[in-house]
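Enquirer: Quick one: this structure, given as structure tokens, is what I'll be asking you about.
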Amino acid sequence: VDDLVDSGKTADSMINAYPGAYFDALYRKPTSPPHLASNSKTLQGWLVFPWEPMAAPADSIVRLLQWLGEDTSRDGIKKTPERVLKSFEEFTSGNKVDIPALLSTRFDLDRATTGPVVVAGIDFVSMCEHHLLPFIGHATVAYQPTTQVIGLSKIPRLVRAFAQRLQLQEQLTLQIAETLAEALEAETAVVITAQHMCAQLRGVKSQGSMVTSHTANSQNHNVIGWATAQHPETSSH
């Protein structure tokens, strides 16, 4: 009997080691293999059992350091597990942002404006969900107001709320545009350029390469044109 079936690797290893033995678990995750502990209670999120120390996530970092061949008792890395956890809490703090509340304060317009609102040069740091390495860049966000606008500070906050989580640049671009469009019932366009450490530090090691992604929830070429014109990497094209 195991406490939790997650990916199922531990369960499969036990089943293979003891053919014919019955295997069960107290809990399983929604993504657990369906053939393992199918009658167990399904829970989402991080689980801490009474027999585990509260430092269980930090223990995982200790094991990773040991796997890398490090002496985890030496002074330089004694507190590294705690630092890593705090870093990841900060990198993923966007998961805790209430997006509807962030965009809830709006201001009515006396009449529709003649041109889009564009906020350029919004810097951000996000985390590649494939390699847990950062990608660093900036965004340009444009929208065509209809009857309402939001405070200009809310747009950088929106970008960073979606950036500070495990992400893909393409998904980040879409989320910003779609969320703003839905909140304001407005046409939107977003352009993002970023450097990806997963491409610069590993694999192809393409130093200095930049990735630019675009999306537009709009047929209005003024909105798209303004976003592109104000974005540094595309303004000269």
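Ligands are numbered from 1 in the order shown, chains are lettered A, B, ... in the order of the structure tokens, and residues start at 1 in each chain.
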Compile the contact shell of stretch 191-204 of chain A as a PDB file with C-alpha atoms, in the first residue's frame: residues with an atom at most 8 Å away, counting only C-alpha atoms, same-chain residues fewer than 4 positions apart removed.

Expert:
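Wrote out.pdb, looks like this:
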ATOM      1  CA  CYS A 128       9.666  27.951 -19.437  1.00  0.00           C
ATOM      2  CA  HIS A 131      12.837  23.131 -18.786  1.00  0.00           C
ATOM      3  CA  LEU A 133      14.524  27.944 -17.119  1.00  0.00           C
ATOM      4  CA  PRO A 134      13.659  31.632 -17.457  1.00  0.00           C
ATOM      5  CA  PHE A 135      12.741  33.552 -20.553  1.00  0.00           C
ATOM      6  CA  ILE A 136      13.159  37.303 -20.312  1.00  0.00           C
ATOM      7  CA  GLY A 137      11.533  39.885 -22.499  1.00  0.00           C
ATOM      8  CA  HIS A 138       9.145  42.745 -22.999  1.00  0.00           C
ATOM      9  CA  ALA A 139       5.621  43.146 -24.275  1.00  0.00           C
ATOM     10  CA  THR A 140       3.591  45.711 -26.183  1.00  0.00           C
ATOM     11  CA  VAL A 141      -0.149  45.681 -25.517  1.00  0.00           C
ATOM     12  CA  GLN A 169       5.643  32.514 -24.825  1.00  0.00           C
ATOM     13  CA  THR A 173       0.758  36.265 -25.716  1.00  0.00           C
ATOM     14  CA  GLY A 208      21.499  36.111 -28.331  1.00  0.00           C
ATOM     15  CA  SER A 209      18.581  34.646 -30.268  1.00  0.00           C
ATOM     16  CA  MET A 210      15.245  36.412 -29.816  1.00  0.00           C
ATOM     17  CA  VAL A 211      11.706  35.085 -30.228  1.00  0.00           C
ATOM     18  CA  THR A 212       8.870  37.408 -31.227  1.00  0.00           C
ATOM     19  CA  SER A 213       5.234  36.342 -31.003  1.00  0.00           C
ATOM     20  CA  HIS A 214       2.129  38.241 -32.112  1.00  0.00           C
ATOM     21  CA  THR A 215      -1.587  37.838 -31.641  1.00  0.00           C
ATOM     22  CA  ALA A 227       1.111  47.500 -31.460  1.00  0.00           C
ATOM     23  CA  THR A 228       3.649  46.542 -34.117  1.00  0.00           C
ATOM     24  CA  HIS A 231       7.257  47.367 -30.378  1.00  0.00           C
ATOM     25  CA  GLU A 233      11.868  44.695 -32.582  1.00  0.00           C
TER      26      GLU A 233
END

Enquirer: Counting only C-alpha atoms, what is within 9 Å of stretch 158-168 of chain A, bar same-chain residues fewer than 4 positions away, as a ChimeraX atom specification?

Expert: /A:90-99,102-103,122-130,132,139,141,153-154,172-173,175-176,179-180

Enquirer: Would you return as an NGL selection string the members of stretch 82-232 of chain A that DSSP assigns to strand (DSSP E or B) on this structure's backbone?

Expert: :A and (106-108 or 117-128 or 134-144 or 148-150 or 166-167 or 187-196 or 211-217)

Enquirer: Residues as selected, N, CA and C atoms, written as a compact mmCIF listing (two decimals), in the first residue's frame, can you do that?

Expert:
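Contents of again11.txt, as written:
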# COMPACT_ATOMS: atom_id res chain seq x y z
N ARG A 106 -12.68 50.14 -13.71
CA ARG A 106 -12.69 50.68 -15.07
C ARG A 106 -13.27 52.08 -15.04
N PHE A 107 -12.99 52.82 -16.11
CA PHE A 107 -13.43 54.20 -16.18
C PHE A 107 -14.24 54.39 -17.46
N ASP A 108 -15.43 54.96 -17.31
CA ASP A 108 -16.30 55.19 -18.46
C ASP A 108 -15.77 56.33 -19.32
N VAL A 117 -5.19 52.49 -27.50
CA VAL A 117 -4.31 52.73 -26.36
C VAL A 117 -3.18 51.71 -26.46
N VAL A 118 -1.94 52.16 -26.40
CA VAL A 118 -0.79 51.26 -26.55
C VAL A 118 0.15 51.45 -25.36
N VAL A 119 0.51 50.36 -24.71
CA VAL A 119 1.51 50.38 -23.64
C VAL A 119 2.67 49.51 -24.12
N ALA A 120 3.84 50.12 -24.30
CA ALA A 120 5.00 49.41 -24.85
C ALA A 120 6.09 49.30 -23.80
N GLY A 121 7.02 48.38 -24.06
CA GLY A 121 8.20 48.24 -23.19
C GLY A 121 7.90 47.66 -21.82
N ILE A 122 6.92 46.78 -21.73
CA ILE A 122 6.57 46.15 -20.45
C ILE A 122 7.53 44.97 -20.23
N ASP A 123 8.47 45.12 -19.33
CA ASP A 123 9.44 44.05 -19.09
C ASP A 123 8.85 42.97 -18.21
N PHE A 124 9.32 41.75 -18.40
CA PHE A 124 8.85 40.62 -17.60
C PHE A 124 9.90 39.53 -17.57
N VAL A 125 9.80 38.66 -16.59
CA VAL A 125 10.58 37.43 -16.52
C VAL A 125 9.59 36.30 -16.31
N SER A 126 9.65 35.29 -17.15
CA SER A 126 8.76 34.14 -17.01
C SER A 126 9.59 32.86 -16.95
N MET A 127 8.93 31.74 -16.79
CA MET A 127 9.62 30.46 -16.60
C MET A 127 9.11 29.45 -17.62
N CYS A 128 10.02 28.96 -18.44
CA CYS A 128 9.67 27.95 -19.44
C CYS A 128 9.15 26.69 -18.74
N PRO A 134 14.37 30.38 -17.17
CA PRO A 134 13.66 31.63 -17.46
C PRO A 134 13.69 32.04 -18.92
N PHE A 135 12.66 32.76 -19.33
CA PHE A 135 12.74 33.55 -20.55
C PHE A 135 12.38 34.99 -20.19
N ILE A 136 13.17 35.91 -20.74
CA ILE A 136 13.16 37.30 -20.31
C ILE A 136 12.85 38.18 -21.51
N GLY A 137 11.89 39.07 -21.35
CA GLY A 137 11.53 39.88 -22.50
C GLY A 137 10.70 41.09 -22.15
N HIS A 138 10.03 41.60 -23.18
CA HIS A 138 9.15 42.74 -23.00
C HIS A 138 7.96 42.61 -23.94
N ALA A 139 6.88 43.26 -23.55
CA ALA A 139 5.62 43.15 -24.28
C ALA A 139 5.11 44.52 -24.68
N THR A 140 4.37 44.55 -25.78
CA THR A 140 3.59 45.71 -26.18
C THR A 140 2.14 45.28 -26.26
N VAL A 141 1.28 46.02 -25.58
CA VAL A 141 -0.15 45.68 -25.52
C VAL A 141 -0.95 46.87 -26.05
N ALA A 142 -1.85 46.59 -26.99
CA ALA A 142 -2.70 47.64 -27.55
C ALA A 142 -4.16 47.21 -27.49
N TYR A 143 -5.04 48.18 -27.26
CA TYR A 143 -6.47 47.89 -27.35
C TYR A 143 -7.21 49.13 -27.82
N GLN A 144 -8.35 48.87 -28.47
CA GLN A 144 -9.20 49.95 -28.95
C GLN A 144 -10.36 50.12 -27.98
N GLN A 148 -15.22 51.90 -22.17
CA GLN A 148 -14.47 51.91 -20.92
C GLN A 148 -12.98 51.74 -21.16
N VAL A 149 -12.19 52.25 -20.20
CA VAL A 149 -10.75 52.01 -20.19
C VAL A 149 -10.36 51.54 -18.79
N ILE A 150 -9.14 50.99 -18.67
CA ILE A 150 -8.61 50.64 -17.36
C ILE A 150 -7.39 51.50 -17.09
N LEU A 166 4.55 29.05 -14.73
CA LEU A 166 5.16 28.20 -15.75
C LEU A 166 4.44 28.48 -17.06
N GLN A 167 5.21 28.83 -18.10
CA GLN A 167 4.59 29.40 -19.29
C GLN A 167 5.24 28.95 -20.59
N GLU A 187 -11.15 45.34 -28.92
CA GLU A 187 -10.21 44.69 -29.82
C GLU A 187 -8.80 44.89 -29.28
N THR A 188 -8.00 43.84 -29.30
CA THR A 188 -6.68 43.89 -28.68
C THR A 188 -5.62 43.31 -29.61
N ALA A 189 -4.38 43.69 -29.35
CA ALA A 189 -3.22 43.11 -30.03
C ALA A 189 -2.06 43.10 -29.06
N VAL A 190 -1.26 42.04 -29.11
CA VAL A 190 -0.12 41.89 -28.21
C VAL A 190 1.08 41.40 -29.01
N VAL A 191 2.24 42.02 -28.75
CA VAL A 191 3.50 41.57 -29.34
C VAL A 191 4.49 41.36 -28.20
N ILE A 192 5.17 40.22 -28.21
CA ILE A 192 6.16 39.91 -27.17
C ILE A 192 7.46 39.46 -27.82
N THR A 193 8.57 39.98 -27.32
CA THR A 193 9.90 39.51 -27.73
C THR A 193 10.65 39.07 -26.49
N ALA A 194 11.30 37.91 -26.55
CA ALA A 194 11.98 37.38 -25.38
C ALA A 194 13.20 36.56 -25.77
N GLN A 195 14.13 36.48 -24.83
CA GLN A 195 15.27 35.57 -24.93
C GLN A 195 15.00 34.38 -24.02
N HIS A 196 15.18 33.18 -24.56
CA HIS A 196 14.87 31.96 -23.83
C HIS A 196 16.16 31.26 -23.39
N VAL A 211 12.96 35.63 -29.71
CA VAL A 211 11.71 35.08 -30.23
C VAL A 211 10.64 36.16 -30.12
N THR A 212 9.96 36.44 -31.23
CA THR A 212 8.87 37.41 -31.23
C THR A 212 7.57 36.71 -31.58
N SER A 213 6.55 36.93 -30.77
CA SER A 213 5.23 36.34 -31.00
C SER A 213 4.19 37.45 -31.06
N HIS A 214 3.18 37.25 -31.92
CA HIS A 214 2.13 38.24 -32.11
C HIS A 214 0.78 37.55 -31.98
N THR A 215 -0.20 38.29 -31.53
CA THR A 215 -1.59 37.84 -31.64
C THR A 215 -2.47 39.06 -31.65
N ALA A 216 -3.62 38.93 -32.28
CA ALA A 216 -4.57 40.05 -32.35
C ALA A 216 -5.98 39.50 -32.26
N ASN A 217 -6.72 39.98 -31.29
CA ASN A 217 -8.13 39.65 -31.17
C ASN A 217 -8.90 40.79 -31.85

Enquirer: Leaving out stretch 10-23 of chain A and any residue of its chain fewer than 3 positions from it, which residues lie within 12 Å of it when counting only C-alpha atoms, given as a JSON list (two decimals) with all heavy atoms, in the first residue's frame?

Expert:
[["chain", "number", "residue", "atom", "x", "y", "z"],
["A", 1, "VAL", "N", 0.86, -1.19, 0.00],
["A", 1, "VAL", "CA", 0.00, 0.00, 0.00],
["A", 1, "VAL", "C", 0.90, 1.24, 0.00],
["A", 1, "VAL", "O", 1.80, 1.35, 0.83],
["A", 1, "VAL", "CB", -0.93, 0.02, 1.23],
["A", 1, "VAL", "CG1", -1.74, 1.32, 1.24],
["A", 1, "VAL", "CG2", -1.86, -1.18, 1.21],
["A", 2, "ASP", "N", 0.64, 2.15, -0.93],
["A", 2, "ASP", "CA", 1.40, 3.39, -1.00],
["A", 2, "ASP", "C", 0.50, 4.53, -0.51],
["A", 2, "ASP", "O", -0.71, 4.38, -0.40],
["A", 2, "ASP", "CB", 1.83, 3.64, -2.45],
["A", 2, "ASP", "CG", 3.03, 4.57, -2.55],
["A", 2, "ASP", "OD1", 3.43, 5.13, -1.51],
["A", 2, "ASP", "OD2", 3.55, 4.76, -3.67],
["A", 3, "ASP", "N", 1.12, 5.68, -0.19],
["A", 3, "ASP", "CA", 0.30, 6.81, 0.25],
["A", 3, "ASP", "C", -0.34, 7.53, -0.92],
["A", 3, "ASP", "O", -1.46, 7.99, -0.85],
["A", 3, "ASP", "CB", 1.12, 7.78, 1.12],
["A", 3, "ASP", "CG", 2.46, 8.16, 0.48],
["A", 3, "ASP", "OD1", 2.64, 7.90, -0.72],
["A", 3, "ASP", "OD2", 3.32, 8.71, 1.20],
["A", 4, "LEU", "N", 0.40, 7.62, -2.06],
["A", 4, "LEU", "CA", -0.09, 8.40, -3.19],
["A", 4, "LEU", "C", 0.41, 7.81, -4.50],
["A", 4, "LEU", "O", 1.58, 7.48, -4.63],
["A", 4, "LEU", "CB", 0.40, 9.86, -3.06],
["A", 4, "LEU", "CG", 0.16, 10.77, -4.26],
["A", 4, "LEU", "CD1", -1.32, 11.07, -4.42],
["A", 4, "LEU", "CD2", 0.96, 12.06, -4.11],
["A", 5, "VAL", "N", -0.50, 7.71, -5.47],
["A", 5, "VAL", "CA", -0.11, 7.39, -6.83],
["A", 5, "VAL", "C", -0.12, 8.69, -7.62],
["A", 5, "VAL", "O", -1.15, 9.36, -7.70],
["A", 5, "VAL", "CB", -1.08, 6.38, -7.48],
["A", 5, "VAL", "CG1", -0.75, 6.23, -8.97],
["A", 5, "VAL", "CG2", -0.98, 5.04, -6.80],
["A", 6, "ASP", "N", 1.04, 9.05, -8.16],
["A", 6, "ASP", "CA", 1.13, 10.27, -8.96],
["A", 6, "ASP", "C", 1.37, 9.88, -10.42],
["A", 6, "ASP", "O", 0.44, 9.60, -11.15],
["A", 6, "ASP", "CB", 2.24, 11.17, -8.42],
["A", 6, "ASP", "CG", 2.13, 12.60, -8.93],
["A", 6, "ASP", "OD1", 1.40, 12.83, -9.92],
["A", 6, "ASP", "OD2", 2.76, 13.49, -8.34],
["A", 7, "SER", "N", 2.63, 9.81, -10.83],
["A", 7, "SER", "CA", 2.92, 9.39, -12.21],
["A", 7, "SER", "C", 2.73, 7.89, -12.41],
["A", 7, "SER", "O", 2.53, 7.43, -13.52],
["A", 7, "SER", "CB", 4.35, 9.78, -12.58],
["A", 7, "SER", "OG", 5.28, 9.01, -11.82],
["A", 26, "LEU", "N", -3.64, 5.25, -0.86],
["A", 26, "LEU", "CA", -4.63, 6.07, -0.16],
["A", 26, "LEU", "C", -5.24, 7.12, -1.08],
["A", 26, "LEU", "O", -6.45, 7.38, -1.03],
["A", 26, "LEU", "CB", -3.97, 6.76, 1.04],
["A", 26, "LEU", "CG", -3.38, 5.86, 2.12],
["A", 26, "LEU", "CD1", -2.69, 6.71, 3.19],
["A", 26, "LEU", "CD2", -4.47, 4.99, 2.74],
["A", 28, "ARG", "N", -4.87, 9.35, -5.09],
["A", 28, "ARG", "CA", -4.35, 9.44, -6.46],
["A", 28, "ARG", "C", -4.61, 10.84, -6.99],
["A", 28, "ARG", "O", -5.40, 11.59, -6.43],
["A", 28, "ARG", "CB", -4.99, 8.38, -7.37],
["A", 28, "ARG", "CG", -6.48, 8.54, -7.56],
["A", 28, "ARG", "CD", -7.13, 7.31, -8.22],
["A", 28, "ARG", "NE", -6.37, 6.77, -9.31],
["A", 28, "ARG", "CZ", -6.41, 7.24, -10.56],
["A", 28, "ARG", "NH1", -7.17, 8.28, -10.83],
["A", 28, "ARG", "NH2", -5.70, 6.69, -11.51],
["A", 32, "SER", "N", -3.24, 10.56, -12.63],
["A", 32, "SER", "CA", -2.64, 9.24, -12.37],
["A", 32, "SER", "C", -3.14, 8.22, -13.39],
["A", 32, "SER", "O", -4.28, 8.33, -13.87],
["A", 32, "SER", "CB", -3.01, 8.77, -10.96],
["A", 32, "SER", "OG", -2.54, 9.68, -9.99],
["A", 33, "PRO", "N", -2.31, 7.23, -13.73],
["A", 33, "PRO", "CA", -2.75, 6.20, -14.68],
["A", 33, "PRO", "C", -4.04, 5.53, -14.20],
["A", 33, "PRO", "O", -4.16, 5.18, -13.01],
["A", 33, "PRO", "CB", -1.59, 5.20, -14.68],
["A", 33, "PRO", "CG", -0.40, 6.02, -14.28],
["A", 33, "PRO", "CD", -0.92, 7.03, -13.30],
["A", 35, "HIS", "N", -5.32, 2.65, -14.40],
["A", 35, "HIS", "CA", -5.30, 1.27, -13.95],
["A", 35, "HIS", "C", -4.72, 1.12, -12.54],
["A", 35, "HIS", "O", -4.71, 0.01, -11.99],
["A", 35, "HIS", "CB", -4.49, 0.40, -14.92],
["A", 35, "HIS", "CG", -3.03, 0.72, -14.97],
["A", 35, "HIS", "ND1", -2.53, 1.84, -15.60],
["A", 35, "HIS", "CD2", -1.95, 0.07, -14.42],
["A", 35, "HIS", "CE1", -1.21, 1.86, -15.48],
["A", 35, "HIS", "NE2", -0.83, 0.81, -14.76],
["A", 36, "LEU", "N", -4.25, 2.22, -11.95],
["A", 36, "LEU", "CA", -3.61, 2.15, -10.63],
["A", 36, "LEU", "C", -4.50, 2.79, -9.56],
["A", 36, "LEU", "O", -4.88, 3.95, -9.69],
["A", 36, "LEU", "CB", -2.25, 2.84, -10.65],
["A", 36, "LEU", "CG", -1.19, 2.21, -11.56],
["A", 36, "LEU", "CD1", 0.05, 3.09, -11.61],
["A", 36, "LEU", "CD2", -0.82, 0.81, -11.06],
["A", 37, "ALA", "N", -4.81, 2.04, -8.52],
["A", 37, "ALA", "CA", -5.58, 2.55, -7.37],
["A", 37, "ALA", "C", -6.82, 3.32, -7.84],
["A", 37, "ALA", "O", -7.10, 4.42, -7.37],
["A", 37, "ALA", "CB", -4.70, 3.42, -6.49],
["A", 38, "SER", "N", -7.56, 2.71, -8.74],
["A", 38, "SER", "CA", -8.68, 3.42, -9.37],
["A", 38, "SER", "C", -9.80, 3.77, -8.38],
["A", 38, "SER", "O", -10.58, 4.69, -8.64],
["A", 38, "SER", "CB", -9.26, 2.57, -10.51],
["A", 38, "SER", "OG", -9.66, 1.29, -10.03],
["A", 39, "ASN", "N", -9.88, 3.07, -7.26],
["A", 39, "ASN", "CA", -10.93, 3.36, -6.27],
["A", 39, "ASN", "C", -10.47, 4.30, -5.17],
["A", 39, "ASN", "O", -11.25, 4.62, -4.26],
["A", 39, "ASN", "CB", -11.43, 2.05, -5.65],
["A", 39, "ASN", "CG", -12.13, 1.17, -6.67],
["A", 39, "ASN", "OD1", -12.86, 1.66, -7.53],
["A", 39, "ASN", "ND2", -11.90, -0.13, -6.59],
["A", 40, "SER", "N", -9.23, 4.74, -5.23],
["A", 40, "SER", "CA", -8.71, 5.65, -4.21],
["A", 40, "SER", "C", -9.27, 7.05, -4.40],
["A", 40, "SER", "O", -9.71, 7.43, -5.49],
["A", 40, "SER", "CB", -7.18, 5.69, -4.27],
["A", 40, "SER", "OG", -6.64, 4.41, -4.02]]

Enquirer: One decimal, Å: what's the distance from atom CA of A:Arg157 over to atom CA of A:Pro100, could you say?

Expert: 12.2 Å

Enquirer: Find, counting only C-alpha atoms, the residue in A:Gly76, A:Pro30, A:Gly69, A:Pro81 that gets nearest to A:Ala56.

Expert: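 The answer is A:Pro81, which sits nearest to A:Ala56.
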
Enquirer: Which residue out of A:Arg83, A:Lys78, A:Lys41, A:Arg111 has the minimum interatomic distance to A:Gln66 when only C-alpha atoms are used?

Expert: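 With only C-alpha atoms as the atom set, the closest residue is A:Lys78.
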
Enquirer: Could you tell me which of A:Ala25, A:Leu43, A:Ala58, A:Leu85 comes closest to A:Thr72 if we count only C-alpha atoms?

Expert: A:Ala58
